[in-house]
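Worksheet for the structure shown next.
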Amino acid sequence: MTKILPFENPIYVTRPLLPKLDEFLAIISEIWDDRWLTNNGKKHQLLEEKLKGLLKVPYLSLFNNGTIALVVGCKALGISGEVITTPFTFPATPHALAWNNLKPVFCDIDPLTMNIDAHKIEDLITSQTSAILGVHVYGTPCDVIKIQSIADMYGLKVIYDAAHAFLVEIDGVGIGNYGDLSMVSFHATKLFHTAEGGALMYKDEKLKSKIELLKNFGIKNEEEVASIGINGKMSEIHAALGLSLLKYLQQEYEARKRIANIYRERLTNVEGITLPIERLNITSSYQYFPIRINSKYFGCDRDFVYTELKKYNVFTRKYFYPLCSEYPSYKDIPSANKQNLPNAHQIVNEVLCLPIYGDLNTDTVHDICTLIHLLQR
Ligand SMILES: *Cc1c(COP(=O)(O)O)cnc(C)c1O
């Protein structure tokens, strides 16, 4: 029987991609020469152009982080009242609504995609509903067609938290082309990052000036402050980090793909383990590799696997446990009731994100798979 010793160094779920230091410093030295550090500088403009092309979207506005981008996006759309969203996400999603005085209404998730279940949205629409906020969890697209048709029928806006969906395309169309707006995050833990950062992607030209105003305090010109803006600007230093990472993106993406394929090969047909879905017309972001562990068939539960792997210095993550609908801030909302969210409650106790990042050694990936096999009862 294979014997595996605990790894010498901790293996985390992700590890930030970094450029060669001298390449980063070369861009930084240009910033030093210009002495322009923020407020739509040259690096900011260049990064915006490059990302617009890479993500195949007509408009893109950079932000200091994804959460502020989402807060500003909701504000720019001028929505009010209730917004139908998913409980199975990072806290930033419902918080962005709450910061806009919008009320999150939690919809259950689809057991296959783990995204908001488009078939359950209509039942939650009231006279107060103004928008649907979907999350492309782990980079798997929501049912964008069905969601848009519901929105059209009821006159609702559609917003996507695409924080995990960098580079995701459906039939060659960039994910940021769906809905009224999409947010993408450039936090250090994401596939592409600027240490802290994010962006809004959209198609409507009219949104551009609104968003640019809102992210700069609402300042229209030296004489006029036109709206209640916030400070959402990305600095030149952060933009420089993003620019210096662009050339590593393809390599990082391919390396993650190789790792995902090893997990798939080694964990397929393991009773009680469900692998993330793959679809031929959808490109993956390889942002996470979430498996689901059904204790009845696997013989032990997700928490046991999580704890045992820790003993070997492997730090998996239970994203997104607990559900947002269980937070003290949201648990008393009627839609947060457990009976309304059966799939979300089941999946949140089954999901486990395995380590995936470019310089994760493939032997280590094989060892992690062997450990999981050994844990099966
Ligand atoms: C990372 C993440 C965010 C937040 O992005 P920040 O850039 O860290 O503010 C929002 N939603 C989801 C689903 C995320 O994973």
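We label chains A, B, ... in the order they appear in the structure tokens, count residues from 1 in each chain, and number ligands from 1 in the order shown.
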Enumerate, in order of chain and increasing residue number, the residues of chain A with an atom no farther than 8 Å from ligand 1, each with its shortest atom pair and distance in Å to one decimal, counting only C-alpha atoms and all ligand atoms, as a Markdown table.
```
| residue | atom | partner | partner_atom_place_in_ligand_line | distance |
| --- | --- | --- | --- | --- |
| A:Asn64 | CA | ligand 1 | 7 (O) | 7.7 |
| A:Asn65 | CA | ligand 1 | 7 (O) | 4.0 |
| A:Gly66 | CA | ligand 1 | 7 (O) | 3.4 |
| A:Thr67 | CA | ligand 1 | 9 (O) | 3.7 |
| A:Ile68 | CA | ligand 1 | 9 (O) | 6.6 |
| A:Ala69 | CA | ligand 1 | 9 (O) | 7.8 |
| A:Thr89 | CA | ligand 1 | 13 (C) | 5.3 |
| A:Phe90 | CA | ligand 1 | 13 (C) | 4.6 |
| A:Pro91 | CA | ligand 1 | 11 (N) | 7.1 |
| A:Ala92 | CA | ligand 1 | 10 (C) | 4.9 |
| A:Thr93 | CA | ligand 1 | 11 (N) | 5.5 |
| A:Val135 | CA | ligand 1 | 13 (C) | 6.5 |
| A:His136 | CA | ligand 1 | 13 (C) | 7.7 |
| A:Val137 | CA | ligand 1 | 13 (C) | 6.5 |
| A:Asp161 | CA | ligand 1 | 11 (N) | 5.9 |
| A:Ala162 | CA | ligand 1 | 13 (C) | 7.0 |
| A:Ala163 | CA | ligand 1 | 12 (C) | 4.8 |
| A:His164 | CA | ligand 1 | 15 (O) | 5.8 |
| A:Val184 | CA | ligand 1 | 5 (O) | 7.4 |
| A:Ser185 | CA | ligand 1 | 7 (O) | 4.2 |
| A:Phe186 | CA | ligand 1 | 7 (O) | 5.4 |
| A:His187 | CA | ligand 1 | 7 (O) | 4.6 |
| A:Thr189 | CA | ligand 1 | 1 (C) | 7.4 |
| A:Lys190 | CA | ligand 1 | 1 (C) | 7.0 |
| A:Glu196 | CA | ligand 1 | 7 (O) | 6.0 |
| A:Gly197 | CA | ligand 1 | 7 (O) | 5.3 |
| A:Gly198 | CA | ligand 1 | 7 (O) | 5.3 |
```
DSSP strand (DSSP E or B) selection over range 106-263 of chain A, as number ranges by chain:
A: 106, 109, 116, 129-135, 157-161, 169-170, 173-174, 181-185, 198-202, 216, 219-221, 224-225, 231
My list of candidates is A:Val173, A:Thr126, A:Leu375, A:Glu23. Which is closest to Gly53 in chain A when distances are computed with only C-alpha atoms?
A:Val173
Would you pick out the contacts of range 262-275 of chain A at 8 Å or less, using only C-alpha atoms, so that residues sharing its chain but fewer than 4 positions from it are not included, and give the list as a ChimeraX atom specification?
/A:258,290-299,362,365-366,369,373
Pull all heavy atoms from the residues just selected and write them as a compact mmCIF listing (two decimals), in the first residue's frame.
```txt
# COMPACT_ATOMS: atom_id res chain seq x y z
N ARG A 258 -3.53 21.34 -16.80
CA ARG A 258 -2.88 20.04 -16.62
C ARG A 258 -3.22 19.47 -15.24
O ARG A 258 -3.48 18.28 -15.10
CB ARG A 258 -1.35 20.18 -16.76
CG ARG A 258 -0.86 20.22 -18.18
CD ARG A 258 0.64 19.99 -18.26
NE ARG A 258 1.41 21.10 -17.68
CZ ARG A 258 1.69 22.22 -18.34
NH1 ARG A 258 1.31 22.38 -19.60
NH2 ARG A 258 2.39 23.18 -17.75
N PRO A 290 -13.38 22.29 -7.57
CA PRO A 290 -14.28 21.87 -6.49
C PRO A 290 -14.79 20.44 -6.73
O PRO A 290 -15.35 20.14 -7.77
CB PRO A 290 -15.44 22.86 -6.61
CG PRO A 290 -15.47 23.23 -8.07
CD PRO A 290 -14.08 23.06 -8.62
N ILE A 291 -14.57 19.58 -5.76
CA ILE A 291 -15.20 18.26 -5.82
C ILE A 291 -16.32 18.23 -4.79
O ILE A 291 -16.34 19.05 -3.86
CB ILE A 291 -14.21 17.10 -5.56
CG1 ILE A 291 -13.57 17.18 -4.16
CG2 ILE A 291 -13.14 17.07 -6.65
CD1 ILE A 291 -12.84 15.92 -3.73
N ARG A 292 -17.26 17.32 -4.98
CA ARG A 292 -18.30 17.13 -3.98
C ARG A 292 -18.17 15.73 -3.41
O ARG A 292 -17.94 14.77 -4.15
CB ARG A 292 -19.68 17.32 -4.61
CG ARG A 292 -20.01 18.79 -4.78
CD ARG A 292 -21.24 18.98 -5.59
NE ARG A 292 -22.39 18.30 -5.00
CZ ARG A 292 -23.54 18.12 -5.63
NH1 ARG A 292 -23.70 18.59 -6.87
NH2 ARG A 292 -24.54 17.51 -5.05
N ILE A 293 -18.29 15.64 -2.09
CA ILE A 293 -18.14 14.35 -1.42
C ILE A 293 -19.47 13.97 -0.78
O ILE A 293 -19.95 14.66 0.13
CB ILE A 293 -17.03 14.43 -0.36
CG1 ILE A 293 -15.70 14.76 -1.06
CG2 ILE A 293 -16.92 13.12 0.43
CD1 ILE A 293 -14.56 15.07 -0.12
N ASN A 294 -20.07 12.92 -1.28
CA ASN A 294 -21.31 12.41 -0.71
C ASN A 294 -20.94 11.31 0.29
O ASN A 294 -20.47 10.24 -0.11
CB ASN A 294 -22.20 11.87 -1.83
CG ASN A 294 -23.55 11.40 -1.32
OD1 ASN A 294 -23.63 10.79 -0.25
ND2 ASN A 294 -24.58 11.68 -2.07
N SER A 295 -21.14 11.60 1.58
CA SER A 295 -20.63 10.70 2.63
C SER A 295 -21.25 9.31 2.55
O SER A 295 -20.61 8.31 2.87
CB SER A 295 -20.86 11.31 4.00
OG SER A 295 -22.23 11.56 4.18
N LYS A 296 -22.50 9.25 2.07
CA LYS A 296 -23.19 7.96 2.00
C LYS A 296 -22.45 6.98 1.09
O LYS A 296 -22.32 5.80 1.39
CB LYS A 296 -24.61 8.20 1.47
CG LYS A 296 -25.57 7.07 1.76
CD LYS A 296 -27.01 7.50 1.50
CE LYS A 296 -27.70 6.49 0.61
NZ LYS A 296 -28.89 7.05 -0.05
N TYR A 297 -21.94 7.49 -0.01
CA TYR A 297 -21.24 6.62 -0.98
C TYR A 297 -19.73 6.62 -0.79
O TYR A 297 -19.07 5.63 -1.08
CB TYR A 297 -21.61 7.04 -2.41
CG TYR A 297 -23.08 6.90 -2.67
CD1 TYR A 297 -23.93 8.00 -2.67
CD2 TYR A 297 -23.64 5.62 -2.88
CE1 TYR A 297 -25.29 7.85 -2.88
CE2 TYR A 297 -25.00 5.47 -3.09
CZ TYR A 297 -25.82 6.59 -3.09
OH TYR A 297 -27.16 6.44 -3.30
N PHE A 298 -19.18 7.74 -0.30
CA PHE A 298 -17.73 7.81 -0.15
C PHE A 298 -17.28 7.12 1.15
O PHE A 298 -16.15 6.68 1.27
CB PHE A 298 -17.26 9.27 -0.17
CG PHE A 298 -15.77 9.43 -0.23
CD1 PHE A 298 -15.06 9.09 -1.39
CD2 PHE A 298 -15.06 9.89 0.86
CE1 PHE A 298 -13.68 9.23 -1.44
CE2 PHE A 298 -13.67 10.04 0.81
CZ PHE A 298 -12.99 9.70 -0.34
N GLY A 299 -18.19 7.07 2.12
CA GLY A 299 -17.86 6.37 3.36
C GLY A 299 -17.42 7.29 4.49
O GLY A 299 -17.38 6.90 5.65
N THR A 362 3.12 18.42 -10.18
CA THR A 362 2.14 17.39 -10.57
C THR A 362 2.27 16.13 -9.70
O THR A 362 1.28 15.44 -9.48
CB THR A 362 2.25 17.03 -12.06
OG1 THR A 362 3.61 16.71 -12.36
CG2 THR A 362 1.79 18.15 -12.96
N VAL A 365 0.08 16.68 -6.85
CA VAL A 365 -1.33 16.50 -7.22
C VAL A 365 -1.67 15.00 -7.17
O VAL A 365 -2.70 14.61 -6.62
CB VAL A 365 -1.62 17.08 -8.62
CG1 VAL A 365 -3.09 16.90 -8.99
CG2 VAL A 365 -1.25 18.56 -8.66
N HIS A 366 -0.77 14.19 -7.71
CA HIS A 366 -0.99 12.74 -7.66
C HIS A 366 -1.05 12.24 -6.21
O HIS A 366 -1.90 11.41 -5.87
CB HIS A 366 0.11 12.00 -8.43
CG HIS A 366 -0.15 11.94 -9.90
ND1 HIS A 366 -1.13 11.14 -10.45
CD2 HIS A 366 0.41 12.61 -10.94
CE1 HIS A 366 -1.14 11.30 -11.77
NE2 HIS A 366 -0.23 12.20 -12.08
N CYS A 369 -4.36 13.04 -4.68
CA CYS A 369 -5.38 12.09 -5.17
C CYS A 369 -5.26 10.75 -4.46
O CYS A 369 -6.27 10.15 -4.06
CB CYS A 369 -5.23 11.89 -6.68
SG CYS A 369 -5.64 13.36 -7.63
N HIS A 373 -8.04 8.77 -2.17
CA HIS A 373 -8.39 7.35 -2.37
C HIS A 373 -8.26 6.58 -1.05
O HIS A 373 -9.12 5.76 -0.71
CB HIS A 373 -7.47 6.71 -3.41
CG HIS A 373 -7.88 7.00 -4.82
ND1 HIS A 373 -8.79 6.25 -5.50
CD2 HIS A 373 -7.50 7.98 -5.67
CE1 HIS A 373 -8.95 6.75 -6.72
NE2 HIS A 373 -8.18 7.81 -6.84
```
Long-range neighbours of Leu37 in chain A as an mmCIF file with N, CA, C and O atoms, in the first residue's frame, 7 Å cut-off, only C-alpha atoms, 6 positions minimum in chain:
```cif
data_model
loop_
_atom_site.group_PDB
_atom_site.id
_atom_site.type_symbol
_atom_site.label_atom_id
_atom_site.label_comp_id
_atom_site.auth_asym_id
_atom_site.auth_seq_id
_atom_site.Cartn_x
_atom_site.Cartn_y
_atom_site.Cartn_z
ATOM 1 N N ILE A 31 6.667 54.594 -14.042
ATOM 2 C CA ILE A 31 5.730 55.362 -13.208
ATOM 3 C C ILE A 31 6.515 56.418 -12.421
ATOM 4 O O ILE A 31 6.081 57.561 -12.289
ATOM 5 N N SER A 235 -4.859 52.141 -8.603
ATOM 6 C CA SER A 235 -3.616 52.924 -8.697
ATOM 7 C C SER A 235 -2.720 52.413 -9.821
ATOM 8 O O SER A 235 -2.886 51.296 -10.312
ATOM 9 N N GLU A 236 -1.753 53.221 -10.193
ATOM 10 C CA GLU A 236 -0.794 52.848 -11.239
ATOM 11 C C GLU A 236 0.059 51.652 -10.816
ATOM 12 O O GLU A 236 0.448 50.838 -11.648
#
```
What is the distance, in Å and to one decimal place, between CA of Tyr357 in chain A and CA of Asp301 in chain A?
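Those two atoms sit 25.1 Å apart.
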Backbone DSSP call of helix (DSSP H, G or I) for range 95-323 of chain A, listed as an NGL selection string
:A and (95-98 or 118-120 or 122-124 or 137-139 or 144-154 or 175-177 or 205-214 or 236-267 or 295-298 or 302-311)
Can you pull out every residue within 9 Å of range 352-355 of chain A, counting only C-alpha atoms, but drop anything in the same chain fewer than 2 positions away, and send it as a VMD selection string?
chain A and resid 11 to 15 263 288 to 293 302 to 303 305 to 306 314 to 319 348 to 350 357 360 365 368
Pairwise distance for CA of Glu326 in chain A and CA of Gly73 in chain A, rounded to one decimal in Å:
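These atoms are spaced 25.1 Å apart.
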For the atom pair CA of Leu112 in chain A and CA of Ala336 in chain A, what is the interatomic distance in Å to one decimal place?
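Computing it gives 21.0 Å between the two atoms.
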